[in-house]
Amino acid sequence: MRIVMMGTGTFAEPTFEALIAAGEQVVGLVTQPDKDVGRRSGTSRQTGKGMAAIASAHGIPVAQPQSINTPEGLAELKAFAPDLVVVAAYGQILKPEVIAAPPLGMINVHASLLPKYRGAAPVAYAIWKGETETGVTIIRITPGLDSGEMLAQASMAILPTETAGELEGRLAPLGAKLCLDVVQRMKSGPVSGTKQDATLVTKAPKLTKAMGAIDWSKSAEEIGRQVRALQPFPTAYTYFHRPGKDAMRIVIRRVHQHLIGVHGIPIHSAPGTMMSPLIVPQDGPYLGIAQVPGLFVATGTNALRVDELQPAGKKSMTAEEFLRGYPIGEGYRFGPES
RNA sequence: CGCGGCGUGGAGCAGUCCGGUCAGCUCGCCAGGCUCAUAACCUGGAGGUCAUAGGUUCAAAUCCUAUCGCCGCAA
C-alpha cells in the first residue's frame, strides 16, 4: 500500500516517523513550502523544516506545492500514485478533487476528542475552555472541516499547568500510535467508522495575535488558561505602564493562580495593578501573611502571579529577574496599549 | 533593500535626547559579623576596553558613520 504523508508542524512528525519505523511504504511527503521567516536570513521560526528533514533522512521524495488545491499542486500529489494519504497538521483545507485522488481516501490525525474542537487549533481551545481531558481522533477526510467518520480515538488528561505546546507534544505520539494502528487495519480491508454527533460539535478556529491581548478584568483562572492556551503561539501579551514612561509590550509566558489576599495583597486593587509583597499599596484590608516573592497582578477576581515574561526587544525572563530591573512603584500596571 | 527595539561587571536594569561631577541600582558571588537558624540583617571585597571598528571633541556609555549579535512586529 503506497502511502503519502501530508503534514507540516511538529505535531505531524511522530506520525510520519512511526509510519516509516513500522516499515510502511511511505512514498512521498507533501508539506508546506519553506518560509523564510523573520528579519534578514531568519534565525529561527521556519515551518516545514522538520518534516522535510525527516523525509530526506529516509530518502523519501518531498513535494512542497504553494497550494495543494491548484491543478499543479494536485498533479504533484498524484505523481506519487498514493493508495492512501495520511494528513496531520497540514495547514490547508483540501478540495474534494484532492481528497478523491487516492483510491483509499485520506485519513487525518486530529488533536481533539471530536466532534469537539474542529479546526486549526484544537489543543489551544481545549485548554482555554477549561477542559480537563482531551485526546486524538483519527478521521476519514471529507470535504467538510474535520467532519468525517471517526476511525479511532484516544483520550488523555490535561494537566493543570500544561501549556498548549506541552500538551501537543504529548498528544502527537498518541496520535502517531493510533494512526499507525488504523493504517495497518486498512491494509487488510475496509475499516468502518462512526459518525460524529452533530449536536456536540464545537469549533476551534485559527488563533490570531489579537486573541493574545489579556483583559485583566477577567478572572484569574480564565487569564491563566488563556496564557497556557496561547503558549508558545501566538502568546498572550499585555502592556506595561509606568507613570512618565512609554508603554512597553510584554509577552506573558507563565502565570500561577492565587487566592486574593493570601499573600498580603489588598482586595481593592483595580484589575491590572501590579504588586509585589515588597511594595504593597497601602490601602485595603489584608487577609494574608505569607511572604512569597513575586510579581502579582490584580484581576477581576483573584491575584495572578506572573512567573515568566518577555518585554519587547528582550529575551524571556523570570519575574524575579524582571523585578530587579523594573522594581514596581506606585501606579504601575498592566493593561491595554493605551 | 518591510517596520521597530536592544547590546553597560555573572543576572535584570538606570544613565544616552540636554557630552565632563557616570560608571550607578536591585540581585548574585567571596570574606567576616549577628543569629538556635535562614532565601533575613550588618560590614567589607572581587568583578566592567559601557557589543566591535572608525570619526567629531580639550573631553564620549552619551554625538556621527559602519559592522556584528539578540529580540519583537508585520508577511
# chains A, B, ... in the order shown; residues from 1 in each chain; ligands from 1
>>> interface_residues(of="chain B", to="chain A", cutoff="6 Å", atoms="only C-alpha atoms (C1' of nucleotides)", output="list in words")
G5, C6, G12, C13, U26, C71 and G72 of chain B
>>> select_by_dssp(residues="stretch 1-244 of chain A", states="helix (DSSP H, G or I)", output="ChimeraX atom specification")
/A:10-21,49-57,71-79,96-99,122-128,164-187,198-200,209-212,220-229
>>> write_last_selection(atoms="C-alpha atoms", output="PDB file, in the first residue's frame")
ATOM      1  CA  THR A  10       5.938  19.265  14.775  1.00  0.00           C
ATOM      2  CA  PHE A  11       2.641  17.579  15.568  1.00  0.00           C
ATOM      3  CA  ALA A  12       2.928  15.586  12.339  1.00  0.00           C
ATOM      4  CA  GLU A  13       6.447  14.377  12.937  1.00  0.00           C
ATOM      5  CA  PRO A  14       5.796  11.427  15.276  1.00  0.00           C
ATOM      6  CA  THR A  15       3.157  10.093  12.908  1.00  0.00           C
ATOM      7  CA  PHE A  16       5.475  10.384   9.951  1.00  0.00           C
ATOM      8  CA  GLU A  17       8.278   8.702  11.835  1.00  0.00           C
ATOM      9  CA  ALA A  18       6.015   5.967  13.147  1.00  0.00           C
ATOM     10  CA  LEU A  19       4.905   5.039   9.658  1.00  0.00           C
ATOM     11  CA  ILE A  20       8.473   4.874   8.460  1.00  0.00           C
ATOM     12  CA  ALA A  21       9.639   2.941  11.508  1.00  0.00           C
ATOM     13  CA  LYS A  49      11.739  22.277   8.141  1.00  0.00           C
ATOM     14  CA  GLY A  50      11.400  19.306  10.408  1.00  0.00           C
ATOM     15  CA  MET A  51       9.222  17.212   8.170  1.00  0.00           C
ATOM     16  CA  ALA A  52      11.351  17.751   5.094  1.00  0.00           C
ATOM     17  CA  ALA A  53      14.439  16.844   7.080  1.00  0.00           C
ATOM     18  CA  ILE A  54      12.916  13.554   8.222  1.00  0.00           C
ATOM     19  CA  ALA A  55      11.934  12.748   4.651  1.00  0.00           C
ATOM     20  CA  SER A  56      15.361  13.384   3.232  1.00  0.00           C
ATOM     21  CA  ALA A  57      16.945  11.370   6.014  1.00  0.00           C
ATOM     22  CA  PRO A  71      -4.032  21.778 -10.679  1.00  0.00           C
ATOM     23  CA  GLU A  72      -0.255  21.903 -10.277  1.00  0.00           C
ATOM     24  CA  GLY A  73      -0.410  21.005  -6.607  1.00  0.00           C
ATOM     25  CA  LEU A  74      -2.767  18.142  -7.255  1.00  0.00           C
ATOM     26  CA  ALA A  75      -0.524  16.890 -10.029  1.00  0.00           C
ATOM     27  CA  GLU A  76       2.398  16.762  -7.602  1.00  0.00           C
ATOM     28  CA  LEU A  77       0.358  14.653  -5.228  1.00  0.00           C
ATOM     29  CA  LYS A  78      -0.854  12.343  -7.978  1.00  0.00           C
ATOM     30  CA  ALA A  79       2.704  11.866  -9.169  1.00  0.00           C
ATOM     31  CA  PRO A  96     -12.880  17.434  -2.969  1.00  0.00           C
ATOM     32  CA  GLU A  97     -10.779  16.637  -6.046  1.00  0.00           C
ATOM     33  CA  VAL A  98      -7.714  16.380  -3.878  1.00  0.00           C
ATOM     34  CA  ILE A  99      -9.406  14.175  -1.323  1.00  0.00           C
ATOM     35  CA  PRO A 122      -7.945  22.172  18.935  1.00  0.00           C
ATOM     36  CA  VAL A 123      -5.276  21.862  21.605  1.00  0.00           C
ATOM     37  CA  ALA A 124      -5.307  25.540  22.491  1.00  0.00           C
ATOM     38  CA  TYR A 125      -9.078  25.663  22.680  1.00  0.00           C
ATOM     39  CA  ALA A 126      -9.306  22.603  24.885  1.00  0.00           C
ATOM     40  CA  ILE A 127      -7.096  24.344  27.418  1.00  0.00           C
ATOM     41  CA  TRP A 128      -8.690  27.748  27.005  1.00  0.00           C
ATOM     42  CA  ALA A 164      -0.707  24.127  24.564  1.00  0.00           C
ATOM     43  CA  GLY A 165       2.776  23.413  23.290  1.00  0.00           C
ATOM     44  CA  GLU A 166       3.458  20.885  26.015  1.00  0.00           C
ATOM     45  CA  LEU A 167       0.113  19.195  25.621  1.00  0.00           C
ATOM     46  CA  GLU A 168       0.530  18.952  21.893  1.00  0.00           C
ATOM     47  CA  GLY A 169       3.897  17.364  22.475  1.00  0.00           C
ATOM     48  CA  ARG A 170       2.208  14.623  24.473  1.00  0.00           C
ATOM     49  CA  LEU A 171      -0.677  14.207  22.056  1.00  0.00           C
ATOM     50  CA  ALA A 172       1.490  13.822  18.981  1.00  0.00           C
ATOM     51  CA  PRO A 173       2.929  10.387  19.874  1.00  0.00           C
ATOM     52  CA  LEU A 174      -0.515   9.217  20.918  1.00  0.00           C
ATOM     53  CA  GLY A 175      -1.808  10.267  17.524  1.00  0.00           C
ATOM     54  CA  ALA A 176       1.053   8.521  15.815  1.00  0.00           C
ATOM     55  CA  LYS A 177       0.255   5.246  17.553  1.00  0.00           C
ATOM     56  CA  LEU A 178      -3.443   5.460  16.755  1.00  0.00           C
ATOM     57  CA  CYS A 179      -2.794   6.401  13.179  1.00  0.00           C
ATOM     58  CA  LEU A 180      -0.384   3.566  12.575  1.00  0.00           C
ATOM     59  CA  ASP A 181      -2.938   1.209  14.026  1.00  0.00           C
ATOM     60  CA  VAL A 182      -5.614   2.432  11.625  1.00  0.00           C
ATOM     61  CA  VAL A 183      -3.258   2.233   8.661  1.00  0.00           C
ATOM     62  CA  GLN A 184      -2.405  -1.351   9.453  1.00  0.00           C
ATOM     63  CA  ARG A 185      -6.056  -2.277   9.774  1.00  0.00           C
ATOM     64  CA  MET A 186      -6.765  -0.678   6.423  1.00  0.00           C
ATOM     65  CA  LYS A 187      -4.289  -2.947   4.754  1.00  0.00           C
ATOM     66  CA  ALA A 198     -23.638  16.821  15.095  1.00  0.00           C
ATOM     67  CA  THR A 199     -25.177  18.200  18.266  1.00  0.00           C
ATOM     68  CA  LEU A 200     -21.855  18.098  20.086  1.00  0.00           C
ATOM     69  CA  LYS A 209      -2.332  37.601  17.553  1.00  0.00           C
ATOM     70  CA  ALA A 210      -5.265  39.691  18.677  1.00  0.00           C
ATOM     71  CA  MET A 211      -6.546  36.808  20.800  1.00  0.00           C
ATOM     72  CA  GLY A 212      -3.443  37.189  22.944  1.00  0.00           C
ATOM     73  CA  ALA A 220      -7.539  34.911  37.265  1.00  0.00           C
ATOM     74  CA  GLU A 221      -8.495  31.423  36.227  1.00  0.00           C
ATOM     75  CA  GLU A 222      -9.571  32.488  32.782  1.00  0.00           C
ATOM     76  CA  ILE A 223      -6.461  34.561  32.191  1.00  0.00           C
ATOM     77  CA  GLY A 224      -4.355  31.660  33.373  1.00  0.00           C
ATOM     78  CA  ARG A 225      -5.980  29.388  30.831  1.00  0.00           C
ATOM     79  CA  GLN A 226      -5.545  31.964  28.111  1.00  0.00           C
ATOM     80  CA  VAL A 227      -1.840  32.224  28.835  1.00  0.00           C
ATOM     81  CA  ARG A 228      -1.410  28.463  28.747  1.00  0.00           C
ATOM     82  CA  ALA A 229      -3.541  28.039  25.639  1.00  0.00           C
TER      83      ALA A 229
END
>>> residues_around(residues="stretch 26-28 of chain A", least_positions_apart="5", cutoff="8 Å", atoms="only C-alpha atoms (C1' of nucleotides)", output="PyMOL selection string")
chain A and resi 2-5+19-20+55+60-63+80+82
>>> select_by_dssp(residues="stretch 92-338 of chain A", states="strand (DSSP E)", output="number ranges by chain")
A: 106-110, 133-140, 150-157, 236-241, 248-257, 274-275, 295-298, 303-311, 317-318, 333-335
>>> residues_around(residues="B:G15", least_positions_apart="3", cutoff="9 Å", atoms="only C-alpha atoms (C1' of nucleotides)", output="JSON list (two decimals) with N, CA and C atoms (P, O5', C5', C4', C3', O3' and C1' of nucleotides), in the first residue's frame")
[["chain", "number", "residue", "atom", "x", "y", "z"],
["B", 22, "C", "P", 28.21, 61.76, 38.80],
["B", 22, "C", "O5'", 28.37, 60.29, 38.26],
["B", 22, "C", "C5'", 29.39, 59.40, 38.71],
["B", 22, "C", "C4'", 29.79, 58.51, 37.55],
["B", 22, "C", "C3'", 30.74, 59.20, 36.59],
["B", 22, "C", "O3'", 31.99, 58.55, 36.50],
["B", 22, "C", "C1'", 28.77, 58.37, 35.48],
["B", 24, "G", "P", 30.14, 53.26, 40.57],
["B", 24, "G", "O5'", 28.56, 53.32, 40.72],
["B", 24, "G", "C5'", 27.95, 54.48, 41.31],
["B", 24, "G", "C4'", 26.48, 54.47, 41.04],
["B", 24, "G", "C3'", 25.71, 53.23, 41.53],
["B", 24, "G", "O3'", 25.40, 53.34, 42.91],
["B", 24, "G", "C1'", 25.04, 53.75, 39.33],
["B", 61, "A", "P", 33.19, 57.18, 27.60],
["B", 61, "A", "O5'", 31.82, 56.43, 27.22],
["B", 61, "A", "C5'", 31.84, 55.16, 26.61],
["B", 61, "A", "C4'", 30.43, 54.69, 26.35],
["B", 61, "A", "C3'", 29.52, 55.71, 25.67],
["B", 61, "A", "O3'", 29.57, 55.56, 24.28],
["B", 61, "A", "C1'", 28.46, 54.86, 27.61],
["B", 62, "U", "P", 29.32, 56.78, 23.31],
["B", 62, "U", "O5'", 28.05, 57.52, 23.84],
["B", 62, "U", "C5'", 26.70, 57.26, 23.45],
["B", 62, "U", "C4'", 25.88, 58.24, 24.25],
["B", 62, "U", "C3'", 25.82, 59.65, 23.67],
["B", 62, "U", "O3'", 24.47, 59.94, 23.31],
["B", 62, "U", "C1'", 26.40, 59.68, 25.99]]
>>> residues_around(residues="stretch 142-153 of chain A", least_positions_apart="5", cutoff="8 Å", atoms="only C-alpha atoms (C1' of nucleotides)", output="list in words")
Ile93, Leu94, Lys95, Pro96, Ile99, His110, Leu113, Leu114, Pro115, Arg118, Gly119, Gly135, Val136, Thr137, Leu178, Val182, Val191, Ser192, Gly193, Thr194, Lys195 and Gln196 of chain A
>>> atom_distance(atom1="atom CA of A:Pro33", atom2="atom CA of A:Ala89")
13.9 Å
>>> atom_distance(atom1="atom CA of A:Pro205", atom2="atom CA of A:Gly300")
26.5 Å
>>> atom_distance(atom1="atom CA of A:Ala204", atom2="atom CA of A:Leu309")
26.1 Å
>>> residues_around(residues="B:A66", least_positions_apart="4", cutoff="12 Å", atoms="only C-alpha atoms (C1' of nucleotides)", output="number ranges by chain")
B: 52-55
>>> closest_residue(among="B:C29, B:A51, B:A37, B:A11", to="B:C70", atoms="only C-alpha atoms (C1' of nucleotides)")
B:A51
>>> closest_residue(among="B:U8, B:U49, B:U57, B:U43", to="B:G20", atoms="only C-alpha atoms (C1' of nucleotides)")
B:U57
>>> closest_residue(among="B:G32, B:G4, B:G9, B:G19", to="B:G44", atoms="only C-alpha atoms (C1' of nucleotides)")
B:G32
>>> decode(residues="stretch 123-244 of chain A", atoms="C-alpha atoms", output="PDB file, in the first residue's frame")
ATOM      1  CA  VAL A 123      -5.276  21.862  21.605  1.00  0.00           C
ATOM      2  CA  ALA A 124      -5.307  25.540  22.491  1.00  0.00           C
ATOM      3  CA  TYR A 125      -9.078  25.663  22.680  1.00  0.00           C
ATOM      4  CA  ALA A 126      -9.306  22.603  24.885  1.00  0.00           C
ATOM      5  CA  ILE A 127      -7.096  24.344  27.418  1.00  0.00           C
ATOM      6  CA  TRP A 128      -8.690  27.748  27.005  1.00  0.00           C
ATOM      7  CA  LYS A 129     -12.171  26.380  27.565  1.00  0.00           C
ATOM      8  CA  GLY A 130     -11.073  24.669  30.731  1.00  0.00           C
ATOM      9  CA  GLU A 131     -11.363  21.065  29.607  1.00  0.00           C
ATOM     10  CA  THR A 132      -9.760  18.539  31.882  1.00  0.00           C
ATOM     11  CA  GLU A 133      -9.458  15.934  29.196  1.00  0.00           C
ATOM     12  CA  THR A 134      -8.687  15.921  25.519  1.00  0.00           C
ATOM     13  CA  GLY A 135      -7.309  13.448  23.048  1.00  0.00           C
ATOM     14  CA  VAL A 136      -6.668  12.447  19.497  1.00  0.00           C
ATOM     15  CA  THR A 137      -9.083  11.286  16.853  1.00  0.00           C
ATOM     16  CA  ILE A 138      -8.340   9.617  13.531  1.00  0.00           C
ATOM     17  CA  ILE A 139     -10.967  10.528  10.965  1.00  0.00           C
ATOM     18  CA  ARG A 140     -11.645   9.933   7.338  1.00  0.00           C
ATOM     19  CA  ILE A 141     -11.223  13.189   5.456  1.00  0.00           C
ATOM     20  CA  THR A 142     -14.323  14.581   3.825  1.00  0.00           C
ATOM     21  CA  PRO A 143     -14.933  17.966   2.223  1.00  0.00           C
ATOM     22  CA  GLY A 144     -16.302  19.339   5.500  1.00  0.00           C
ATOM     23  CA  LEU A 145     -13.947  20.669   8.143  1.00  0.00           C
ATOM     24  CA  ASP A 146     -12.897  17.779  10.376  1.00  0.00           C
ATOM     25  CA  SER A 147     -16.324  16.252   9.956  1.00  0.00           C
ATOM     26  CA  GLY A 148     -15.578  12.791   8.624  1.00  0.00           C
ATOM     27  CA  GLU A 149     -16.223   9.425  10.227  1.00  0.00           C
ATOM     28  CA  MET A 150     -14.142   8.615  13.275  1.00  0.00           C
ATOM     29  CA  LEU A 151     -11.934   5.582  12.878  1.00  0.00           C
ATOM     30  CA  ALA A 152     -10.197   5.654  16.233  1.00  0.00           C
ATOM     31  CA  GLN A 153      -9.998   7.832  19.295  1.00  0.00           C
ATOM     32  CA  ALA A 154      -7.949   8.011  22.468  1.00  0.00           C
ATOM     33  CA  SER A 155      -8.145  10.415  25.378  1.00  0.00           C
ATOM     34  CA  MET A 156      -5.657  11.966  27.724  1.00  0.00           C
ATOM     35  CA  ALA A 157      -5.922  14.150  30.816  1.00  0.00           C
ATOM     36  CA  ILE A 158      -4.926  17.788  30.570  1.00  0.00           C
ATOM     37  CA  LEU A 159      -2.506  18.662  33.328  1.00  0.00           C
ATOM     38  CA  PRO A 160      -3.382  21.751  35.394  1.00  0.00           C
ATOM     39  CA  THR A 161      -0.340  23.801  34.441  1.00  0.00           C
ATOM     40  CA  GLU A 162       0.258  22.500  30.974  1.00  0.00           C
ATOM     41  CA  THR A 163       0.673  24.835  28.005  1.00  0.00           C
ATOM     42  CA  ALA A 164      -0.707  24.127  24.564  1.00  0.00           C
ATOM     43  CA  GLY A 165       2.776  23.413  23.290  1.00  0.00           C
ATOM     44  CA  GLU A 166       3.458  20.885  26.015  1.00  0.00           C
ATOM     45  CA  LEU A 167       0.113  19.195  25.621  1.00  0.00           C
ATOM     46  CA  GLU A 168       0.530  18.952  21.893  1.00  0.00           C
ATOM     47  CA  GLY A 169       3.897  17.364  22.475  1.00  0.00           C
ATOM     48  CA  ARG A 170       2.208  14.623  24.473  1.00  0.00           C
ATOM     49  CA  LEU A 171      -0.677  14.207  22.056  1.00  0.00           C
ATOM     50  CA  ALA A 172       1.490  13.822  18.981  1.00  0.00           C
ATOM     51  CA  PRO A 173       2.929  10.387  19.874  1.00  0.00           C
ATOM     52  CA  LEU A 174      -0.515   9.217  20.918  1.00  0.00           C
ATOM     53  CA  GLY A 175      -1.808  10.267  17.524  1.00  0.00           C
ATOM     54  CA  ALA A 176       1.053   8.521  15.815  1.00  0.00           C
ATOM     55  CA  LYS A 177       0.255   5.246  17.553  1.00  0.00           C
ATOM     56  CA  LEU A 178      -3.443   5.460  16.755  1.00  0.00           C
ATOM     57  CA  CYS A 179      -2.794   6.401  13.179  1.00  0.00           C
ATOM     58  CA  LEU A 180      -0.384   3.566  12.575  1.00  0.00           C
ATOM     59  CA  ASP A 181      -2.938   1.209  14.026  1.00  0.00           C
ATOM     60  CA  VAL A 182      -5.614   2.432  11.625  1.00  0.00           C
ATOM     61  CA  VAL A 183      -3.258   2.233   8.661  1.00  0.00           C
ATOM     62  CA  GLN A 184      -2.405  -1.351   9.453  1.00  0.00           C
ATOM     63  CA  ARG A 185      -6.056  -2.277   9.774  1.00  0.00           C
ATOM     64  CA  MET A 186      -6.765  -0.678   6.423  1.00  0.00           C
ATOM     65  CA  LYS A 187      -4.289  -2.947   4.754  1.00  0.00           C
ATOM     66  CA  SER A 188      -6.474  -5.919   5.475  1.00  0.00           C
ATOM     67  CA  GLY A 189      -9.709  -4.400   4.312  1.00  0.00           C
ATOM     68  CA  PRO A 190     -12.137  -1.503   4.693  1.00  0.00           C
ATOM     69  CA  VAL A 191     -12.263  -0.001   8.137  1.00  0.00           C
ATOM     70  CA  SER A 192     -15.582   1.154   9.459  1.00  0.00           C
ATOM     71  CA  GLY A 193     -16.013   4.324  11.413  1.00  0.00           C
ATOM     72  CA  THR A 194     -18.623   6.032  13.492  1.00  0.00           C
ATOM     73  CA  LYS A 195     -20.360   9.245  12.621  1.00  0.00           C
ATOM     74  CA  GLN A 196     -19.757  12.372  14.654  1.00  0.00           C
ATOM     75  CA  ASP A 197     -22.681  13.549  16.739  1.00  0.00           C
ATOM     76  CA  ALA A 198     -23.638  16.821  15.095  1.00  0.00           C
ATOM     77  CA  THR A 199     -25.177  18.200  18.266  1.00  0.00           C
ATOM     78  CA  LEU A 200     -21.855  18.098  20.086  1.00  0.00           C
ATOM     79  CA  VAL A 201     -19.798  19.941  17.512  1.00  0.00           C
ATOM     80  CA  THR A 202     -17.686  22.860  18.673  1.00  0.00           C
ATOM     81  CA  LYS A 203     -15.166  24.883  16.707  1.00  0.00           C
ATOM     82  CA  ALA A 204     -11.539  25.717  17.276  1.00  0.00           C
ATOM     83  CA  PRO A 205     -10.708  28.351  14.682  1.00  0.00           C
ATOM     84  CA  LYS A 206      -7.249  29.532  13.863  1.00  0.00           C
ATOM     85  CA  LEU A 207      -5.571  31.568  16.574  1.00  0.00           C
ATOM     86  CA  THR A 208      -4.685  35.160  15.877  1.00  0.00           C
ATOM     87  CA  LYS A 209      -2.332  37.601  17.553  1.00  0.00           C
ATOM     88  CA  ALA A 210      -5.265  39.691  18.677  1.00  0.00           C
ATOM     89  CA  MET A 211      -6.546  36.808  20.800  1.00  0.00           C
ATOM     90  CA  GLY A 212      -3.443  37.189  22.944  1.00  0.00           C
ATOM     91  CA  ALA A 213      -4.467  40.537  24.419  1.00  0.00           C
ATOM     92  CA  ILE A 214      -5.088  39.992  28.109  1.00  0.00           C
ATOM     93  CA  ASP A 215      -8.146  41.539  29.702  1.00  0.00           C
ATOM     94  CA  TRP A 216      -7.173  41.816  33.344  1.00  0.00           C
ATOM     95  CA  SER A 217     -10.751  42.323  34.444  1.00  0.00           C
ATOM     96  CA  LYS A 218     -11.456  38.699  33.648  1.00  0.00           C
ATOM     97  CA  SER A 219     -10.995  36.061  36.299  1.00  0.00           C
ATOM     98  CA  ALA A 220      -7.539  34.911  37.265  1.00  0.00           C
ATOM     99  CA  GLU A 221      -8.495  31.423  36.227  1.00  0.00           C
ATOM    100  CA  GLU A 222      -9.571  32.488  32.782  1.00  0.00           C
ATOM    101  CA  ILE A 223      -6.461  34.561  32.191  1.00  0.00           C
ATOM    102  CA  GLY A 224      -4.355  31.660  33.373  1.00  0.00           C
ATOM    103  CA  ARG A 225      -5.980  29.388  30.831  1.00  0.00           C
ATOM    104  CA  GLN A 226      -5.545  31.964  28.111  1.00  0.00           C
ATOM    105  CA  VAL A 227      -1.840  32.224  28.835  1.00  0.00           C
ATOM    106  CA  ARG A 228      -1.410  28.463  28.747  1.00  0.00           C
ATOM    107  CA  ALA A 229      -3.541  28.039  25.639  1.00  0.00           C
ATOM    108  CA  LEU A 230      -1.626  30.615  23.637  1.00  0.00           C
ATOM    109  CA  GLN A 231       1.789  29.311  24.584  1.00  0.00           C
ATOM    110  CA  PRO A 232       4.042  29.032  22.607  1.00  0.00           C
ATOM    111  CA  PHE A 233       1.975  30.646  19.868  1.00  0.00           C
ATOM    112  CA  PRO A 234       0.680  33.270  19.383  1.00  0.00           C
ATOM    113  CA  THR A 235       1.401  34.120  23.050  1.00  0.00           C
ATOM    114  CA  ALA A 236      -0.616  36.194  25.476  1.00  0.00           C
ATOM    115  CA  TYR A 237       0.505  39.756  25.946  1.00  0.00           C
ATOM    116  CA  THR A 238      -0.225  42.996  27.688  1.00  0.00           C
ATOM    117  CA  TYR A 239       1.304  46.439  28.061  1.00  0.00           C
ATOM    118  CA  PHE A 240       3.408  47.602  30.971  1.00  0.00           C
ATOM    119  CA  HIS A 241       2.510  51.129  32.045  1.00  0.00           C
ATOM    120  CA  ARG A 242       4.607  53.321  34.315  1.00  0.00           C
ATOM    121  CA  PRO A 243       3.985  56.938  35.144  1.00  0.00           C
ATOM    122  CA  GLY A 244       6.103  59.114  32.888  1.00  0.00           C
TER     123      GLY A 244
END
